[in-house]
Amino acid sequence: LSYKGYPVSVDDDNELKVTALQAGAPPPLAIQSKMKLRLQRIEDFDAADLERQPAPSQVMAPGALAVTDQTDQQLLQEQAGDLTLRTVLSNLLEFGAGGRMPDHNRWLWQVTGLLKLHPELCAQLLPAFRDPAVGPKGRALILDVLAAAGHPLAQEALRQAIRYAQTALQPAEHVMLLQRLALVNAPEAETLDFLAQTHLTAANKGDTDTKLASLYAMGAALGKRAAVADSAELRAHNERLTHALEAADQNVERVAALRALGNAGLQQNLPWVLPHTQSNDPNTRRAAAAALRKTQTPETTTALVTLLGDADPLVQKESLTSLDEHRLGPTDLDALATQLLSGATAKEADAEWVNFLSRNLHAGPAVPRMLEFLQTRTQ
């Protein structure tokens with residue numbers, strides 16, 4: 001620092017090493033970075049000029065690591081290791097029916113890296129998917145690695161696999177596999193369209209299981225796409241979700257639609273969700289509580305706090321789980337304390353309360369009071 005208190009130089013030296021998997025082997029990745037900054041001059045500037053500067057080519061969040069394409073490729077090569085497609089297919093035929101590989105987590109890690117490094121290999125997993133020797137667990141495993149890879153070619157292979165499952169496999173397995181699409185982190189428009197068409201076809205055929213499963217996955221895909229973009233197509237898909245809730249004439253359909261809306265997590269859907277927190281059916285109230293987890297507003301927080309005193313312990317637990325995803329202030333915690341200290345909550349939910357409060361120990365003075373109450377109640 002200068003005598004006036006501003007910095008005149010900055011020196012930074014960092015080293016990152018990834019430990020080798022085998023003893024004595026060289027580290028698979030070693031990165032060194034050195035930075036030296038020196039003050040050159042001090043001059044006045046107009047802050048308005050900065051706003052007119054062109055945006056940088058890459059904007060990073062504070063603390064985020066900038067990774068070049070070359071570095072990304074190197075990381076994927078290290079992740080895939082020496083695994084080949086031939087080995088993957090052999091593993092699936094030998095161990096797929098059991099659903100686990102001998103070194104399962106490492107296998108998943110390497111296969112995901114291989115499919116990201118070589119997207120064109122995804123389609124070559126489809127013959128193994130259709131092979132009876134792989135079995136239901138092996139087919140689910142194939143879709144899991146495709147969902148983890150997540151790029152457009154992986155999603156195309158996912159859709160092809162599910163189309164095959166719909167015509168060639170048992171309905172229960174098709175429904176289970178269909179829900180794997182909810183695991184894709186960045187669903188393409190084609191994937192969302194596929195789910196919407198699957199839902200419509202199932203509804204027209206009276207296939208309730210497929211209709212509800214596709215609805216659930218469609219909500220997840222919609223929420224992920226809506227987080228990065230908005231379009232008339234997305235709004236149309238969202239209308240399908242709200243219409244499914246309005247048209248539901250059975251509790252099981254109502255619950256599925258609420259769960260789908262919860263997966264989407266769009267604030268614009270709250271007028272459809274909130275009324276169901278007062279349903280006569282506890283499963284519907286529980287689904288409504290789950291549907292409020294991603295949309296924090298004063299109304300949703302109040303509704304969830306109210307449900308903490310619900311007559312059904314499962315509804316109480318679901319409400320607490322959703323509140324755990326909200327950022328609660330002192331006033332909110334006081335409202336929680338009122339519910340708990342009044343004895344409105346079920347003892348069956350005490351473990352969930354302790355876990356919840358342990359993650360909010362420093363949120364306000366109401367937290368110690370609630371923990372003391374829970375401790376007294378268990379004695």
# chains A, B, ... in the order shown; residues from 1 in each chain; ligands from 1
>>> residues_around(residues="stretch 264-272 of chain A", least_positions_apart="3", cutoff="7 Å", atoms="only C-alpha atoms", output="ChimeraX atom specification")
/A:219-220,222-223,242,260-261,275,294-295
>>> closest_residue(among="A:His151, A:Arg163, A:Arg41, A:Lys205", to="A:Asn185", atoms="only C-alpha atoms")
A:His151
>>> closest_residue(among="A:Leu37, A:Val134, A:Cys122, A:Leu195", to="A:Glu156", atoms="only C-alpha atoms")
A:Cys122
>>> select_by_dssp(residues="stretch 135-319 of chain A", states="helix (DSSP H, G or I)", output="JSON, numbers by chain")
{"A": [135, 136, 137, 138, 139, 140, 141, 142, 143, 144, 145, 146, 147, 148, 149, 152, 153, 154, 155, 156, 157, 158, 159, 160, 161, 162, 163, 164, 165, 166, 167, 168, 171, 172, 173, 174, 175, 176, 177, 178, 179, 180, 181, 182, 183, 189, 190, 191, 192, 193, 194, 195, 196, 197, 198, 199, 200, 201, 202, 203, 204, 205, 208, 209, 210, 211, 212, 213, 214, 215, 216, 217, 218, 219, 220, 221, 222, 223, 224, 225, 226, 232, 233, 234, 235, 236, 237, 238, 239, 240, 241, 242, 243, 244, 245, 246, 247, 251, 252, 253, 254, 255, 256, 257, 258, 259, 260, 261, 262, 263, 264, 267, 268, 269, 270, 271, 272, 273, 274, 275, 276, 277, 278, 282, 283, 284, 285, 286, 287, 288, 289, 290, 291, 298, 299, 300, 301, 302, 303, 304, 305, 306, 307, 313, 314, 315, 316, 317, 318, 319]}
>>> residues_around(residues="A:Asn283", least_positions_apart="5", cutoff="9 Å", atoms="only C-alpha atoms", output="list of chain:residue names")
A:Asn251, A:Val252, A:Val255, A:Ala288, A:Leu314, A:Val315
>>> residues_around(residues="A:Ser33", least_positions_apart="5", cutoff="10 Å", atoms="only C-alpha atoms", output="count of residues only")
5
>>> atom_distance(atom1="atom CA of A:Leu374", atom2="atom CA of A:His326")
21.9 Å
>>> closest_residue(among="A:Arg240, A:Arg254, A:Lys137, A:Arg100", to="A:Ala287", atoms="only C-alpha atoms")
A:Arg254
>>> closest_residue(among="A:Ala147, A:Ala366, A:Leu241, A:Leu308", to="A:Leu333", atoms="only C-alpha atoms")
A:Ala366
>>> closest_residue(among="A:Pro132, A:Gln166, A:Val88, A:Val10", to="A:Lys34", atoms="only C-alpha atoms")
A:Val10
